[in-house]
Structure formats: C-alpha cells, structure tokens
Amino acid sequence: MNPPRTDARRHHDPEVRGFASDNYAGAHPEILAALALANGGHQVAYGEDDYTEHLQGVIRSHFGATAEAFPVFNGTGANVVALQAVTDRWGAVICADSAHIHVDEGGAPERMGGLKLLTVPTPDGKLTPELIDQQAWGFDDEHRAMPQVVSITQSTELGTLYTPDEIRALCDHAHALGMRVHLDGSRIANAAASLDVPMRTFTNAVGVDLLSLGGTKNGAVFGEAVVVIDPDAVRHMKHLRKLSMQLASKMRFVSVQLEALLAKDLWLRNARHANEMAQRLAEGVRAVDGVEILYPVQANGVFARLPHEVSLRLQKRFRFYFWDETAGVVRWMCAFDTAEDDVDAFVAAVKEEMAR
C-alpha cells in the first residue's frame with residue numbers, strides 16, 4: 001500500500017487580492033530570503049541566538065540607546081506582555097474606545113493580562129490630555145482600578161495619525177500624573193511613512209515608555225516585538241514574556257524578519273506603497289456619488305459609508321469587512337503588495353454597483 005502524498009501544493013490563486021486586511025497579504029520576498037538565510041545549522045534557543053542579538057543594535061538605531069527588543073509571536077501577545085510590564089495587579093490602562101486592545105483582542109489584556117481597561121470615546125480614534133482626564137482619577141480609591149498606563153495606537157484603528165507634538169503632550173500629561181505611556185505600533189511603519197519622519201520622532205523622542213512593534217502587517221510571515229524604551233518603566237519582561245506564552249524557542253526566525261524589515265528601508269518601502277494605494281483608492285471612490293469617506297486617509301486604510309446593499313454586492317467580488325454594519329460603514333485596507341490594478345478594479349466595481 002502506497003503512503004499518502006505529503007508534498008505541499010498551492011491551495012489558492014496568488015493573483016487574488018482583496019481589501020479586508022493587510023494581514024491577508026503574504027510575505028515580502030526579502031523576508032522569505034532572510035528566513036532562508038537564518039535556516040541551517042544550530043543556533044541557541046529562546047533568544048540567545050546571533051540574530052536576536054544583532055536585532056538589538058538595529059532596534060537601538062531606530063528607538064535610542066536604551067531601547068531593547070523582546071520578540072514575540074503576534075500583536076496581541078506584544079500588547080498583553082507590554083501592558084503587564086507596566087501595571088500592578090490592581091492597575092488599569094486608559095485607551096480609546098476604538099483601541100485594538102479593547103475591541104479586537106478577545107478580552108486578552110483583561111483576562112490574560114489581569115488588568116482593567118478604562119475606555120474613552122473619541123471622534124477620530126485619538127486621545128488627548130483632556131480625554132485622558134475623563135478616566136485619570138481615583139488613584140487612591142481602593143474601590144477603583146488604579147490608572148497606571150495610557151495606551152495609544154499609531155496609526156489609530158480609524159486610520160488617523162498623531163503628530164509628534166500630540167504624542168509629546170500626551171506623554172507629558174500622563175507622566176505628570178504618574179502614569180506610563182504605551183504605543184501600539186502594529187502599523188507604526190505606515191505612520192512614519194505618512195508623517196515622513198523617523199519612528200523615533202514620535203516614540204523615544206517625545207516620551208513613549210514602551211511600544212508594540214508590528215511586523216506582520218508590513219510584510220513579515222509572523223512576529224512582532226515589545227520594545228522597551230525606558231528600562232526603568234518595566235519589570236521582569238523576560239518572565240512576563242514566558243508566562244504569557246510568547247517566548248519562541250526558535251526565536252531567530254522572528255528576529256531575522258524584523259532585522260530584514262528594519263536594518264535598511266524595507267519597512268519604509270512597504271509602508272509607503274500601502275499608504276499610496278490607500279490614497280489612490282480614496283481618490284477613486286471620493287468622486288462616486290453616494291460614497292462618503294469618514295476619516296482623513298492618513299495611513300493604509302479607508303473608512304467609508306455607502307448603501308448596505310451595495311456593500312453586500314461588492315463583498316461578493318472583493319473581500320472587505322464592515323466596520324459598523326448597522327451604520328453602513330466599511331473598512332478597506334491596502335497592503336504592501338496591493339497593486340494599482342487591484343485598486344482600479346475595485347474602484348470600477350464600486351462605481352458599477354453604485355450605478356445599479
């Protein structure tokens with residue numbers, strides 16, 4: 001009896017692209033080449049390898065001399081580990097009500113991290129010192145979780161951006177209240193590309209204490225990192241990473257991807273292209289009667305409102321998600337591999353369906 005075939009086969013059409021998420025994209029060829037480079041032979045496990053060691057220098061070139069990277073598997077893991085490191089058991093984190101840690105992480109920060117989220121409604125996904133003050137109170141009240149951290153996202157979940165001065169004002173305000181500042185940077189490259197500044201300009205240069213550094217949405221296969229900027233802000237990062245099941249045994253394969261992105265300009269090239277495709281998409285649909293773009297298109301996402309039945313028909317032709325289905329709001333995301341032809345075909349489909 002012949003054994004079953006086990007050779008890998010392609011199970012999808014590589015020419016099909018949608019606008020559901022930058023997570024849908026594959027890996028950039030340079031990332032795949034880096035993985036192959038790191039393969040072969042033996043390297044010490046659990047982060048004691050040459051690639052993770054070299055990554056530290058790359059990280060410091062972007063985030064300052066005190067920065068240290070702790071590679072993890074995914075973005076939720078990065079956020080949970082980071083927030084645990086700057087909160088006590090009775091601690092709370094102030095965030096926007098649209099924040100990924102609140103809306104899209106299955107309760108992991110609270111259930112797995114053991115902390116409380118204190119959310120604030122925002123018009124554009126961005127916190128301000130005044131909005132922080134809505135939850136920054138009761139520090140000595142044992143009946144209330146103690147606000148200890150402000151968490152912001154750059155770029156935000158609504159595709160908007162903080163300016164460096166805005167983040168500086170948030171950090172100054174939070175620090176004056178005795179709180180730390182965490183930045184969820186799952187799309188930090190898109191923010192830097194759009195602002196046309198180095199990532200340090202709105203992180204270590206303005207007072208951010210630690211951040212979650214994204215790689216997957218910008219061309220990696222998997223892997224993110226917690227970047228500690230202020231070593232005095234955190235406690236026992238290595239232990240928390242292991243306790244949170246985010247310690248990779250073969251960490252070299254996470255680290256080499258982040259090195260490939262960050263050592264030169266791949267992170268910036270990928271992000272710029274995704275942002276440019278979002279701008280092309282926004283310009284294409286902005287002139288279509290009945291389509292309303294809701295927020296400034298500042299990164300790689302477009303949020304729009306259009307008739308519900310039109311969106312349902314479009315979803316049969318291209319993958320994308322409703323952001324708020326009851327309000328008819330959709331989200332269209334572009335990735336590093338989104339092509340101009342993809343955007344133009346989608347814009348044409350929007351025009352066709354709106355004309356029906």
# chains A, B, ... in the order shown; residues from 1 in each chain; ligands from 1
call {"tool": "residues_around", "arguments": {"residues": "Gln246 of chain A", "least_positions_apart": "5", "cutoff": "9 Å", "atoms": "only C-alpha atoms", "output": "list in words"}}
result
Pro71, Val72, Phe73, Asn74, Gly77, Ala78, Val81, Leu240 and Arg241 of chain A
call {"tool": "residues_around", "arguments": {"residues": "Leu268 of chain A", "least_positions_apart": "2", "cutoff": "8 Å", "atoms": "only C-alpha atoms", "output": "PyMOL selection string"}}
result
chain A and resi 189-190+192-193+265-266+270-272
call {"tool": "closest_residue", "arguments": {"among": "A:Met112, A:Leu247, A:Ala220, A:Met146", "to": "Glu48 of chain A", "atoms": "only C-alpha atoms"}}
result
A:Leu247
call {"tool": "select_by_dssp", "arguments": {"residues": "segment 32-276 of chain A", "states": "strand (DSSP E or B)", "output": "PyMOL selection string"}}
result
chain A and resi 68-72+91-96+116-120+146-153+180-185+210-213+224-228
call {"tool": "atom_distance", "arguments": {"atom1": "atom CA of Gln154 of chain A", "atom2": "atom CA of Ala233 of chain A"}}
result
20.3 Å
call {"tool": "residues_around", "arguments": {"residues": "segment 197-210 of chain A", "least_positions_apart": "2", "cutoff": "10 Å", "atoms": "only C-alpha atoms", "output": "PyMOL selection string"}}
result
chain A and resi 60-69+82-83+85-86+149-152+154+162-172+174-175+179-185+188-195+212-213+226-234+268
